[in-house]
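Structure data (mmCIF, C-alpha atoms) from data_23.cif:
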data_upload
loop_
_atom_site.label_atom_id
_atom_site.label_comp_id
_atom_site.auth_asym_id
_atom_site.auth_seq_id
_atom_site.Cartn_x
_atom_site.Cartn_y
_atom_site.Cartn_z
CA MET A 17 25.58 -10.58 -28.14
CA THR A 18 23.77 -9.85 -31.39
CA PHE A 19 25.00 -7.25 -33.89
CA THR A 20 22.95 -5.31 -36.37
CA PHE A 21 23.86 -4.93 -39.99
CA SER A 22 24.51 -1.27 -39.28
CA GLN A 23 26.85 -1.85 -36.34
CA SER A 24 28.97 -4.31 -38.22
CA GLN A 25 29.24 -1.85 -41.10
CA GLN A 26 27.73 -4.17 -43.68
CA ILE A 27 25.24 -1.50 -44.67
CA THR A 28 25.10 2.24 -44.16
CA PRO A 29 22.87 3.68 -41.40
CA GLN A 30 20.85 5.50 -44.01
CA LEU A 31 20.14 2.28 -45.86
CA ALA A 32 19.16 0.65 -42.60
CA LEU A 33 16.65 3.42 -41.98
CA GLN A 34 15.21 2.98 -45.47
CA VAL A 35 14.84 -0.76 -44.84
CA LEU A 36 12.93 -0.11 -41.64
CA LEU A 37 10.61 2.41 -43.29
CA GLN A 38 9.93 0.02 -46.18
CA PHE A 39 9.23 -2.75 -43.68
CA ASP A 40 6.68 -0.58 -41.88
CA LYS A 41 4.87 0.12 -45.17
CA ALA A 42 5.00 -3.48 -46.34
CA ILE A 43 3.86 -5.04 -43.08
CA ASN A 44 0.99 -2.60 -42.69
CA SER A 45 -0.34 -3.31 -46.17
CA ALA A 46 0.23 -7.05 -45.79
CA LEU A 47 -1.62 -7.26 -42.51
CA ALA A 48 -4.47 -5.19 -43.89
CA GLN A 49 -4.85 -6.93 -47.27
CA ARG A 50 -3.26 -10.34 -47.24
CA VAL A 51 -4.02 -11.76 -43.77
CA ARG A 52 -7.36 -13.50 -43.35
CA ASN A 53 -6.96 -16.08 -40.59
CA ARG A 54 -7.09 -15.78 -36.83
CA VAL A 55 -4.54 -17.12 -34.37
CA ASN A 56 -4.92 -17.27 -30.61
CA PHE A 57 -1.91 -17.19 -28.37
CA ARG A 58 -1.34 -17.63 -24.67
CA GLY A 59 1.80 -17.30 -22.58
CA SER A 60 3.24 -15.67 -19.51
CA LEU A 61 4.12 -12.01 -19.62
CA ASN A 62 7.74 -11.22 -18.95
CA THR A 63 7.79 -7.48 -19.70
CA TYR A 64 5.60 -4.85 -21.32
CA ARG A 65 6.13 -1.31 -22.53
CA PHE A 66 3.89 1.39 -23.92
CA CYS A 67 5.49 4.49 -25.39
CA ASP A 68 4.60 6.61 -28.45
CA ASN A 69 1.43 4.55 -28.80
CA VAL A 70 3.43 1.41 -29.47
CA TRP A 71 3.09 -1.65 -27.25
CA THR A 72 6.09 -3.95 -26.87
CA PHE A 73 5.58 -7.26 -25.07
CA VAL A 74 7.97 -10.07 -24.28
CA LEU A 75 6.17 -13.32 -23.53
CA ASN A 76 7.58 -16.65 -22.37
CA ASP A 77 6.40 -20.22 -23.05
CA VAL A 78 3.85 -19.16 -25.63
CA GLU A 79 1.45 -21.40 -27.50
CA PHE A 80 0.20 -20.08 -30.83
CA ARG A 81 -2.99 -21.86 -31.58
CA GLU A 82 -4.73 -22.01 -34.90
CA VAL A 83 -7.59 -24.36 -35.67
CA THR A 84 -5.23 -26.47 -37.72
CA GLU A 85 -2.07 -26.48 -35.71
CA LEU A 86 -0.21 -25.58 -32.52
CA ILE A 87 3.19 -23.90 -32.24
CA LYS A 88 5.12 -23.56 -28.99
CA VAL A 89 7.92 -21.07 -28.42
CA ASP A 90 10.04 -20.16 -25.39
CA LYS A 91 10.20 -16.45 -26.03
CA VAL A 92 8.37 -14.07 -28.30
CA LYS A 93 8.63 -10.30 -28.70
CA ILE A 94 5.49 -8.58 -29.90
CA VAL A 95 5.54 -5.02 -31.23
CA ALA A 96 2.05 -3.69 -31.76
CA CYS A 97 0.82 -0.39 -33.19
CA ASP A 98 -2.65 1.04 -33.30
CA GLY A 99 -4.65 -0.51 -36.08
CA LYS A 100 -6.64 2.62 -36.85
CA MET B 7 16.95 2.13 15.86
CA ASP B 8 16.39 3.58 19.26
CA GLN B 9 12.66 3.32 19.00
CA ASN B 10 12.40 0.27 21.20
CA ASN B 11 13.88 1.90 24.26
CA SER B 12 12.19 5.27 24.29
CA LEU B 13 9.06 6.96 23.10
CA PRO B 14 9.03 7.17 19.31
CA PRO B 15 9.74 10.68 18.00
CA TYR B 16 6.22 11.75 17.27
CA ALA B 17 4.79 10.16 20.38
CA GLN B 18 7.22 12.29 22.32
CA GLY B 19 5.69 15.27 20.59
CA LEU B 20 2.28 14.12 21.71
CA ALA B 21 3.40 13.73 25.29
CA SER B 22 4.50 17.34 25.49
CA PRO B 23 1.96 20.00 26.46
CA GLN B 24 2.13 21.89 23.17
CA GLY B 25 1.88 18.92 20.87
CA ALA B 26 -1.21 17.39 22.43
CA MET B 27 -4.09 17.65 20.03
CA THR B 28 -5.21 14.14 20.80
CA PRO B 29 -4.75 12.46 24.14
CA GLY B 30 -1.05 12.00 24.77
CA ILE B 31 -0.99 8.34 24.07
CA PRO B 32 1.94 6.88 22.22
CA ILE B 33 0.64 5.87 18.85
CA PHE B 34 2.44 2.58 18.81
CA SER B 35 0.92 1.13 21.92
CA PRO B 36 -2.38 -0.04 20.43
CA MET B 37 -0.39 -2.01 17.93
CA MET B 38 1.47 -4.12 20.38
CA PRO B 39 -1.40 -6.34 21.55
CA TYR B 40 -1.96 -7.40 17.98
CA GLY B 41 1.46 -8.92 17.85
CA THR B 42 2.10 -7.82 14.32
CA GLY B 43 5.79 -7.94 14.97
CA LEU B 44 6.17 -4.98 12.68
CA THR B 45 5.86 -1.59 14.29
CA PRO B 46 6.42 1.28 11.90
CA GLN B 47 9.85 2.73 12.42
CA PRO B 48 10.81 6.37 12.61
CA ILE B 49 11.68 7.79 9.21
CA GLN B 50 15.17 6.73 8.26
CA ASN B 51 17.15 9.42 6.55
CA THR B 52 19.51 7.16 4.65
CA SER B 53 20.21 8.55 1.23
CA SER B 54 21.46 5.23 -0.10
CA LEU B 55 19.04 3.54 -2.46
CA SER B 56 20.49 0.11 -1.85
CA ILE B 57 17.75 -2.48 -1.74
CA LEU B 58 19.97 -4.92 0.09
CA GLU B 59 20.54 -2.41 2.89
CA GLU B 60 16.84 -1.74 3.10
CA GLN B 61 16.00 -5.42 3.42
CA GLN B 62 18.77 -6.03 5.95
CA ARG B 63 17.56 -3.08 7.97
CA GLN B 64 14.03 -4.43 7.97
CA GLN B 65 15.20 -7.91 9.00
CA GLN B 66 17.30 -6.50 11.83
CA GLN B 67 14.34 -4.52 13.07
CA GLN B 68 12.13 -7.58 13.07
CA GLN B 69 14.69 -9.63 14.96
CA GLN B 70 15.22 -6.92 17.53
CA GLN B 71 11.52 -6.63 18.10
CA GLN B 72 11.09 -10.35 18.60
CA GLN B 73 13.95 -10.57 21.06
CA GLN B 74 13.12 -7.54 23.11
CA GLN B 75 9.35 -7.59 23.00
CA GLN B 76 8.66 -8.12 26.68
CA GLN B 77 11.19 -5.55 27.80
CA GLN B 78 9.69 -2.99 25.47
CA GLN B 79 6.20 -3.50 26.72
CA GLN B 80 7.10 -2.89 30.30
CA GLN B 81 9.09 0.19 29.45
CA GLN B 82 6.37 1.51 27.18
CA GLN B 83 3.79 0.96 29.84
CA GLN B 84 5.78 3.00 32.30
CA GLN B 85 6.38 5.75 29.78
CA ALA B 86 2.75 5.70 28.77
CA VAL B 87 1.84 6.20 32.38
CA ALA B 88 4.16 9.19 32.54
CA ALA B 89 2.79 10.58 29.29
CA VAL B 90 -0.79 10.08 30.37
CA GLN B 91 -0.19 11.67 33.73
CA GLN B 92 1.54 14.63 32.12
CA SER B 93 -1.28 15.33 29.77
CA THR B 94 -4.15 14.44 32.03
CA SER B 95 -4.40 18.02 33.18
CA GLN B 96 -4.76 19.26 29.60
CA GLN B 97 -7.31 16.60 28.86
CA ALA B 98 -9.51 17.64 31.73
CA THR B 99 -11.22 20.23 29.55
CA GLN B 100 -11.78 17.89 26.64
CA GLY B 101 -14.81 15.72 26.97
CA PRO B 102 -15.10 12.39 25.25
CA SER B 103 -14.95 13.17 21.57
CA GLY B 104 -17.66 12.07 19.22
CA GLN B 105 -20.37 9.69 20.13
CA THR B 106 -18.50 6.53 19.47
CA PRO B 107 -17.66 4.50 22.52
CA GLN B 108 -13.97 4.88 23.11
CA LEU B 109 -12.34 1.64 24.02
CA PHE B 110 -9.17 2.62 25.73
CA HIS B 111 -6.39 0.49 24.40
CA SER B 112 -3.08 2.12 24.91
CA GLN B 113 -2.70 1.02 28.44
CA THR B 114 -3.96 -2.48 27.97
CA LEU B 115 -0.63 -4.19 27.51
CA THR B 116 0.08 -7.40 29.27
CA THR B 117 3.46 -8.95 29.43
CA ALA B 118 2.63 -11.65 26.90
CA PRO B 119 0.18 -10.47 24.27
CA LEU B 120 -1.19 -13.09 21.95
CA PRO B 121 -2.02 -12.02 18.43
CA GLY B 122 -5.63 -11.05 18.15
CA THR B 123 -6.47 -10.91 21.85
CA THR B 124 -6.52 -7.59 23.60
CA PRO B 125 -7.36 -7.60 27.31
CA LEU B 126 -9.18 -4.39 28.04
CA TYR B 127 -7.88 -3.68 31.51
CA PRO B 128 -4.25 -3.02 32.40
CA SER B 129 -2.28 -5.36 34.57
CA PRO B 130 -2.21 -4.45 38.25
CA MET B 131 1.39 -3.27 38.02
CA THR B 132 0.58 -0.13 36.06
CA PRO B 133 -1.83 2.33 37.67
CA MET B 134 -3.59 4.23 34.88
CA THR B 135 -5.94 7.15 34.47
CA PRO B 136 -8.01 6.40 31.36
CA ILE B 137 -8.62 9.59 29.41
CA THR B 138 -11.68 8.44 27.50
CA PRO B 139 -14.34 6.40 29.27
CA ALA B 140 -13.83 2.73 28.63
CA THR B 141 -16.89 0.63 28.01
CA PRO B 142 -16.94 -1.69 30.97
CA ALA B 143 -17.43 -5.41 30.63
CA SER B 144 -17.06 -5.52 26.87
CA GLU B 145 -14.40 -7.63 25.28
CA SER B 146 -12.22 -6.85 22.35
CA SER B 147 -13.44 -8.31 19.12
CA GLY B 148 -10.60 -10.74 18.63
CA ILE B 149 -10.72 -9.79 14.97
CA VAL B 150 -7.80 -8.00 13.40
CA PRO B 151 -8.41 -5.99 10.23
CA GLN B 152 -6.02 -7.01 7.46
CA LEU B 153 -4.30 -4.29 5.49
CA GLN B 154 -5.16 -4.50 1.80
CA ASN B 155 -3.62 -1.42 0.24
CA ILE B 156 -1.16 1.29 1.14
CA VAL B 157 -0.66 4.47 -0.87
CA SER B 158 2.54 6.39 -0.31
CA THR B 159 4.44 9.24 -1.92
CA VAL B 160 8.09 10.08 -2.18
CA ASN B 161 10.12 12.80 -3.81
CA LEU B 162 13.03 11.63 -5.94
CA GLY B 163 14.42 15.15 -5.80
CA CYS B 164 15.26 15.68 -9.47
CA LYS B 165 13.46 16.38 -12.73
CA LEU B 166 12.85 13.29 -14.83
CA ASP B 167 12.57 12.70 -18.55
CA LEU B 168 9.54 10.44 -18.72
CA LYS B 169 10.10 9.39 -22.31
CA THR B 170 13.58 8.07 -21.50
CA ILE B 171 12.20 6.20 -18.53
CA ALA B 172 9.37 4.69 -20.57
CA LEU B 173 11.67 3.63 -23.37
CA ARG B 174 14.40 2.11 -21.26
CA ALA B 175 12.71 0.71 -18.16
CA ARG B 176 10.77 -2.52 -18.18
CA ASN B 177 7.07 -2.74 -17.37
CA ALA B 178 6.35 0.90 -17.97
CA GLU B 179 3.50 2.69 -19.71
CA TYR B 180 3.55 6.29 -20.84
CA ASN B 181 0.69 7.93 -22.69
CA PRO B 182 1.14 11.67 -22.21
CA LYS B 183 -2.11 12.43 -24.03
CA ARG B 184 -4.04 10.52 -21.40
CA PHE B 185 -1.97 10.98 -18.24
CA ALA B 186 1.17 12.93 -17.57
CA ALA B 187 3.07 10.22 -15.71
CA VAL B 188 4.86 6.94 -16.31
CA ILE B 189 3.00 3.98 -14.83
CA MET B 190 5.52 1.39 -13.72
CA ARG B 191 4.97 -1.93 -11.98
CA ILE B 192 7.16 -4.35 -10.10
CA ARG B 193 6.35 -7.87 -9.04
CA GLU B 194 7.93 -7.98 -5.57
CA PRO B 195 6.31 -6.33 -3.64
CA ARG B 196 3.48 -6.32 -6.14
CA THR B 197 2.92 -2.60 -6.59
CA THR B 198 2.29 0.12 -9.14
CA ALA B 199 4.02 3.47 -9.21
CA LEU B 200 3.09 6.74 -10.90
CA ILE B 201 6.25 8.64 -11.70
CA PHE B 202 5.93 12.30 -12.61
CA SER B 203 8.35 14.54 -14.46
CA SER B 204 8.76 16.71 -11.37
CA GLY B 205 10.46 13.78 -9.67
CA LYS B 206 7.56 12.99 -7.38
CA MET B 207 6.22 9.47 -7.23
CA VAL B 208 3.13 7.71 -5.90
CA CYS B 209 3.41 4.05 -4.90
CA THR B 210 0.26 1.96 -4.52
CA GLY B 211 -0.72 -1.63 -3.89
CA ALA B 212 1.54 -2.69 -1.05
CA LYS B 213 0.09 -4.68 1.83
CA SER B 214 2.24 -3.26 4.61
CA GLU B 215 4.11 -0.08 5.49
CA GLU B 216 7.50 -1.67 5.10
CA GLN B 217 6.56 -3.22 1.79
CA SER B 218 5.40 0.16 0.54
CA ARG B 219 8.70 1.71 1.53
CA LEU B 220 10.71 -1.11 0.02
CA ALA B 221 8.76 -0.91 -3.22
CA ALA B 222 9.24 2.84 -3.42
CA ARG B 223 12.96 2.33 -2.94
CA LYS B 224 13.01 -0.23 -5.75
CA TYR B 225 11.35 2.21 -8.13
CA ALA B 226 13.78 4.91 -7.08
CA ARG B 227 16.58 2.47 -7.76
CA VAL B 228 15.25 1.78 -11.27
CA VAL B 229 15.15 5.50 -11.99
CA GLN B 230 18.62 5.93 -10.54
CA LYS B 231 20.01 3.16 -12.74
CA LEU B 232 18.66 4.94 -15.79
CA GLY B 233 21.06 7.76 -15.00
CA PHE B 234 18.97 10.23 -13.02
CA PRO B 235 20.34 11.54 -9.68
CA ALA B 236 17.42 10.11 -7.73
CA LYS B 237 17.17 10.58 -3.97
CA PHE B 238 14.58 9.31 -1.49
CA LEU B 239 13.11 12.38 0.15
CA ASP B 240 10.00 12.74 2.33
CA PHE B 241 8.63 9.22 2.05
CA LYS B 242 5.14 9.39 3.52
CA ILE B 243 2.28 6.98 3.74
CA GLN B 244 -0.80 8.83 2.59
CA ASN B 245 -3.54 6.24 2.95
CA MET B 246 -4.05 2.77 4.35
CA VAL B 247 -6.97 0.46 3.61
CA GLY B 248 -7.96 -2.50 5.75
CA SER B 249 -10.76 -5.00 5.70
CA CYS B 250 -12.26 -7.61 7.99
CA ASP B 251 -15.33 -9.71 8.63
CA VAL B 252 -17.42 -9.54 11.80
CA LYS B 253 -18.96 -12.90 10.87
CA PHE B 254 -22.58 -11.92 11.39
CA PRO B 255 -25.12 -10.06 9.21
CA ILE B 256 -25.84 -6.42 10.08
CA ARG B 257 -29.04 -4.35 10.06
CA LEU B 258 -27.79 -1.36 8.09
CA GLU B 259 -31.16 0.40 8.25
CA GLY B 260 -31.06 0.39 12.00
CA LEU B 261 -27.52 1.63 12.04
CA VAL B 262 -28.26 4.57 9.76
CA LEU B 263 -31.26 5.54 11.91
CA THR B 264 -29.36 5.74 15.17
CA HIS B 265 -26.05 7.01 13.80
CA GLN B 266 -27.37 9.30 11.10
CA GLN B 267 -24.81 12.00 11.85
CA PHE B 268 -22.04 9.64 10.83
CA SER B 269 -23.71 7.30 8.36
CA SER B 270 -24.95 7.54 4.83
CA TYR B 271 -26.77 4.58 3.35
CA GLU B 272 -28.33 4.65 -0.15
CA PRO B 273 -28.88 1.05 -1.15
CA GLU B 274 -29.93 2.15 -4.62
CA LEU B 275 -26.60 3.88 -5.09
CA PHE B 276 -24.25 1.61 -3.22
CA PRO B 277 -25.00 -1.48 -1.15
CA GLY B 278 -22.69 -0.49 1.69
CA LEU B 279 -23.25 1.92 4.53
CA ILE B 280 -20.63 4.69 4.61
CA TYR B 281 -19.73 5.46 8.20
CA ARG B 282 -17.49 8.48 8.75
CA MET B 283 -15.97 8.06 12.17
CA ILE B 284 -14.77 11.29 13.78
CA LYS B 285 -12.12 9.89 16.01
CA PRO B 286 -10.09 8.46 14.54
CA ARG B 287 -10.91 10.08 11.23
CA ILE B 288 -11.63 6.90 9.29
CA VAL B 289 -14.29 6.01 6.74
CA LEU B 290 -15.81 2.57 7.10
CA LEU B 291 -17.84 0.77 4.46
CA ILE B 292 -20.15 -1.60 6.26
CA PHE B 293 -22.00 -4.29 4.35
CA VAL B 294 -24.99 -6.44 5.16
CA SER B 295 -22.83 -9.55 5.04
CA GLY B 296 -20.76 -8.31 7.94
CA LYS B 297 -17.73 -7.39 5.90
CA VAL B 298 -16.16 -4.07 6.81
CA VAL B 299 -13.71 -1.97 4.81
CA LEU B 300 -11.77 0.74 6.66
CA THR B 301 -9.92 3.49 4.82
CA GLY B 302 -8.39 6.91 5.32
CA ALA B 303 -5.78 5.94 7.87
CA LYS B 304 -2.31 7.38 7.99
CA VAL B 305 -1.10 4.79 10.50
CA ARG B 306 -2.03 1.18 11.15
CA ALA B 307 -3.23 1.96 14.67
CA GLU B 308 -6.04 4.15 13.32
CA ILE B 309 -7.48 1.20 11.42
CA TYR B 310 -7.36 -0.99 14.50
CA GLU B 311 -8.80 1.71 16.72
CA ALA B 312 -11.64 2.45 14.31
CA PHE B 313 -12.56 -1.21 14.12
CA GLU B 314 -12.52 -1.61 17.88
CA ASN B 315 -14.80 1.42 18.09
CA ILE B 316 -17.31 0.14 15.54
CA TYR B 317 -17.42 -3.48 16.65
CA PRO B 318 -19.67 -3.03 19.70
CA ILE B 319 -21.98 -0.84 17.62
CA LEU B 320 -22.21 -3.50 14.96
CA LYS B 321 -22.88 -6.16 17.55
CA GLY B 322 -25.85 -4.10 18.61
CA PHE B 323 -27.24 -4.23 15.09
CA ARG B 324 -26.73 -7.89 14.49
CA LYS B 325 -29.46 -9.47 12.35
CA THR B 326 -31.25 -12.11 14.34
CA THR B 327 -33.29 -13.77 11.60
#

I need this file expressed as structure tokens, please.
Amino acid sequence: MTFTFSQSQQITPQLALQVLLQFDKAINSALAQRVRNRVNFRGSLNTYRFCDNVWTFVLNDVEFREVTELIKVDKVKIVACDGK
Amino acid sequence: MDQNNSLPPYAQGLASPQGAMTPGIPIFSPMMPYGTGLTPQPIQNTSSLSILEEQQRQQQQQQQQQQQQQQQQQQQQQQAVAAVQQSTSQQATQGPSGQTPQLFHSQTLTTAPLPGTTPLYPSPMTPMTPITPATPASESSGIVPQLQNIVSTVNLGCKLDLKTIALRARNAEYNPKRFAAVIMRIREPRTTALIFSSGKMVCTGAKSEEQSRLAARKYARVVQKLGFPAKFLDFKIQNMVGSCDVKFPIRLEGLVLTHQQFSSYEPELFPGLIYRMIKPRIVLLIFVSGKVVLTGAKVRAEIYEAFENIYPILKGFRKTT
């Protein structure tokens, strides 16, 4: 069973929230400005969820394919928000 | 599980003078010759949402049917005779309904039906008075429409918080701006459910009545496990869709000319002829290739009856080139 930093009292809940908000800002700007390449991926869908305009997928036996290389993973969780 | 030894509850209603809107024929009888092995059971009022119980119950029913099949047929034949004779007097004023040839199937049980073959005439043991004129010297088609989709509804009996359900259940979508329900799917039986905040639920995609009921119970179980006091009230099958192939091409133009009261055929709009049969009230989509889609049924027997009604008509419009 995994524990979060918050549960194990290593950081305060408020700090945890700040970290998450900063992550949202950073990832959005990084994906918009710093990412240029394209990766294809294919796997089998284990579960999906759509709530508050956020898609959450869990895929199994996924192959991430870029022109240069191939990565295989057993399980991947994808959280996707609207790009617009 | 008394259904095998007496008239099913709503067939009993039909046999009585007041209940007879259609000829007092037990609904289940036309099913038997097709040997489906799965006759729809009277509505079970168990409040338990246990899937294991549901599956055990279904297995027991199947076993009972297989063991007692011959006994049932003979008993049903005798009861059907009684029902027919009771209601014959009321039927005297009703002429044959619609213009579709009525193949009379309820009384055509033999002691050993093979799947797909339906002898038209009853065995000599059971004297019958057919209510609707049977088309003499025409055989049954030997083709059984396959059920493709069943839509059913059930009331879970409590208000639901859709956001909680969407966040905690797996395989759920909830976009309140687009549609006010959670769309949930399960893999076995492969179905989709629309779950509304009122507690009502629509279950689609099952291929048989029992699968639809089992799937609905599984969804109810998911909702129950999320902490809602879900019940399983008023499960009802709302629509059944079947399809089959007559294996010969059909002259749709000819069919729409002779049966224009029932047919609508606009090849520029849709390549299939839409035939609205009056009795039973079924809509058939008939295609040039010979494929037929039947929809609008509340029970399996209506699909079978509608196909047996349309088959001789289609044979008459077979393309010969």

- Apply the PyMOL selection byres ((chain B) within 12 of (chain A)) to the displayed file and report the matching residues as a PyMOL selection string. chain B and resi 168-184+187-193

Store the residues picked out above in a file with C-alpha atoms, as a short mmCIF file (atom, residue, chain, number, x, y, z; two decimals), in the frame of the given file.
data_model
loop_
_atom_site.label_atom_id
_atom_site.label_comp_id
_atom_site.auth_asym_id
_atom_site.auth_seq_id
_atom_site.Cartn_x
_atom_site.Cartn_y
_atom_site.Cartn_z
CA LEU B 168 9.54 10.44 -18.72
CA LYS B 169 10.10 9.39 -22.31
CA THR B 170 13.58 8.07 -21.50
CA ILE B 171 12.20 6.20 -18.53
CA ALA B 172 9.37 4.69 -20.57
CA LEU B 173 11.67 3.63 -23.37
CA ARG B 174 14.40 2.11 -21.26
CA ALA B 175 12.71 0.71 -18.16
CA ARG B 176 10.77 -2.52 -18.18
CA ASN B 177 7.07 -2.74 -17.37
CA ALA B 178 6.35 0.90 -17.97
CA GLU B 179 3.50 2.69 -19.71
CA TYR B 180 3.55 6.29 -20.84
CA ASN B 181 0.69 7.93 -22.69
CA PRO B 182 1.14 11.67 -22.21
CA LYS B 183 -2.11 12.43 -24.03
CA ARG B 184 -4.04 10.52 -21.40
CA ALA B 187 3.07 10.22 -15.71
CA VAL B 188 4.86 6.94 -16.31
CA ILE B 189 3.00 3.98 -14.83
CA MET B 190 5.52 1.39 -13.72
CA ARG B 191 4.97 -1.93 -11.98
CA ILE B 192 7.16 -4.35 -10.10
CA ARG B 193 6.35 -7.87 -9.04
#

- Grab the atom CA of Glu259 of chain B to atom CA of Phe313 of chain B distance for me, in Å with one decimal place. 19.6 Å

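Atom CA of Glu311 of chain B sits 27.8 Å away from atom CA of Gln66 of chain B.
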
- Long-range neighbours of Asp77 of chain A as a list in words, 12 Å cut-off, all atoms listed in the file, 5 positions minimum in chain: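 Counting only the stated atoms, we get Phe57, Arg58, Gly59, Ser60, Leu61, Asn62, Ile87, Lys88, Val89, Asp90, Lys91, Val92 and Lys93 of chain A.
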
- Exactly which residues make up the result of the PyMOL selection byres ((chain B and resi 61) around 12) on this file, given as a PyMOL selection string? chain B and resi 55-60+62-68+216-217+219-221+223-224

- Report the residues retrieved by the PyMOL selection byres ((chain B and resi 156-166) around 7) from the displayed file, expressed as an MDAnalysis selection string. chainID B and resid 155 167:168 203:215 218 226 235:247

- Query: Could you state the separation of atom CA of Thr264 of chain B and atom CA of Ile292 of chain B in Å, given to one decimal place?
  - Reply: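 Interatomic distance, atom CA of Thr264 of chain B to atom CA of Ile292 of chain B: 14.8 Å.
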
- Distance query segment 81-84 of chain A at most 8 Å, all atoms listed in the file, self and fewer than 6 positions along chain excluded, as a ChimeraX atom specification: /A:54-57

- Item | Near-Cys250 of chain B list (6 Å; all atoms listed in the file; drop same-chain fewer than 6 positions) as an MDAnalysis selection string | chainID B and resid 151 297:298

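Taking only C-alpha atoms into account, Asp251 of chain B lies nearest to B:Gln152 out of the set B:Gln230, B:Thr327, B:Gln267, B:Gln152.
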
- Message: When you look at Leu290 of chain B with a cut-off of 10 Å (counting only C-alpha atoms), what residues show up, excluding the ones that are within fewer than 5 positions of it in the same chain? I need them as a ChimeraX atom specification.
- Response: /B:247-249,269,278-283,298-302,309,312-313,316

- Task: Determine, counting only C-alpha atoms, which protein, DNA and RNA residues have an atom within 12 Å of an atom of Lys253 of chain B; residues of the same chain fewer than 2 positions away are not included. Present the result as an MDAnalysis selection string.
- Result: chainID B and resid 147:149 250:251 255:256 293:298 317 320:321 324:325

Restricted to N, CA, C and O atoms, what does segment 85-96 of chain A look like when written out as a PDB file, in the first residue's frame?
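Listed below is the output, selection11.pdb:
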ATOM      1  N   GLU A  85      12.641   5.125 -30.880  1.00  0.00           N
ATOM      2  CA  GLU A  85      12.730   4.014 -29.934  1.00  0.00           C
ATOM      3  C   GLU A  85      11.358   3.499 -29.502  1.00  0.00           C
ATOM      4  O   GLU A  85      10.310   4.082 -29.787  1.00  0.00           O
ATOM      5  N   LEU A  86      11.397   2.382 -28.781  1.00  0.00           N
ATOM      6  CA  LEU A  86      10.177   1.705 -28.335  1.00  0.00           C
ATOM      7  C   LEU A  86      10.296   1.436 -26.841  1.00  0.00           C
ATOM      8  O   LEU A  86      11.310   0.937 -26.373  1.00  0.00           O
ATOM      9  N   ILE A  87       9.252   1.769 -26.089  1.00  0.00           N
ATOM     10  CA  ILE A  87       9.256   1.509 -24.645  1.00  0.00           C
ATOM     11  C   ILE A  87       8.016   0.670 -24.322  1.00  0.00           C
ATOM     12  O   ILE A  87       6.907   0.997 -24.749  1.00  0.00           O
ATOM     13  N   LYS A  88       8.206  -0.386 -23.548  1.00  0.00           N
ATOM     14  CA  LYS A  88       7.068  -1.210 -23.152  1.00  0.00           C
ATOM     15  C   LYS A  88       6.848  -1.104 -21.651  1.00  0.00           C
ATOM     16  O   LYS A  88       7.803  -1.165 -20.875  1.00  0.00           O
ATOM     17  N   VAL A  89       5.601  -0.953 -21.254  1.00  0.00           N
ATOM     18  CA  VAL A  89       5.276  -0.930 -19.831  1.00  0.00           C
ATOM     19  C   VAL A  89       4.070  -1.822 -19.563  1.00  0.00           C
ATOM     20  O   VAL A  89       3.220  -2.020 -20.438  1.00  0.00           O
ATOM     21  N   ASP A  90       3.989  -2.342 -18.328  1.00  0.00           N
ATOM     22  CA  ASP A  90       2.859  -3.196 -17.954  1.00  0.00           C
ATOM     23  C   ASP A  90       1.613  -2.400 -17.644  1.00  0.00           C
ATOM     24  O   ASP A  90       0.507  -2.832 -17.921  1.00  0.00           O
ATOM     25  N   LYS A  91       1.818  -1.252 -17.017  1.00  0.00           N
ATOM     26  CA  LYS A  91       0.645  -0.477 -16.578  1.00  0.00           C
ATOM     27  C   LYS A  91       0.965   0.995 -16.672  1.00  0.00           C
ATOM     28  O   LYS A  91       2.057   1.430 -16.289  1.00  0.00           O
ATOM     29  N   VAL A  92       0.033   1.744 -17.220  1.00  0.00           N
ATOM     30  CA  VAL A  92       0.220   3.189 -17.265  1.00  0.00           C
ATOM     31  C   VAL A  92      -1.103   3.878 -16.932  1.00  0.00           C
ATOM     32  O   VAL A  92      -2.170   3.437 -17.360  1.00  0.00           O
ATOM     33  N   LYS A  93      -1.014   4.947 -16.134  1.00  0.00           N
ATOM     34  CA  LYS A  93      -2.188   5.741 -15.806  1.00  0.00           C
ATOM     35  C   LYS A  93      -2.070   7.058 -16.552  1.00  0.00           C
ATOM     36  O   LYS A  93      -1.044   7.736 -16.465  1.00  0.00           O
ATOM     37  N   ILE A  94      -3.083   7.417 -17.305  1.00  0.00           N
ATOM     38  CA  ILE A  94      -3.055   8.642 -18.076  1.00  0.00           C
ATOM     39  C   ILE A  94      -4.135   9.563 -17.532  1.00  0.00           C
ATOM     40  O   ILE A  94      -5.310   9.173 -17.442  1.00  0.00           O
ATOM     41  N   VAL A  95      -3.731  10.778 -17.175  1.00  0.00           N
ATOM     42  CA  VAL A  95      -4.708  11.792 -16.753  1.00  0.00           C
ATOM     43  C   VAL A  95      -4.659  12.886 -17.795  1.00  0.00           C
ATOM     44  O   VAL A  95      -3.594  13.468 -18.035  1.00  0.00           O
ATOM     45  N   ALA A  96      -5.787  13.159 -18.434  1.00  0.00           N
ATOM     46  CA  ALA A  96      -5.794  14.068 -19.562  1.00  0.00           C
ATOM     47  C   ALA A  96      -6.853  15.146 -19.376  1.00  0.00           C
ATOM     48  O   ALA A  96      -8.006  14.856 -19.064  1.00  0.00           O
TER      49      ALA A  96
END
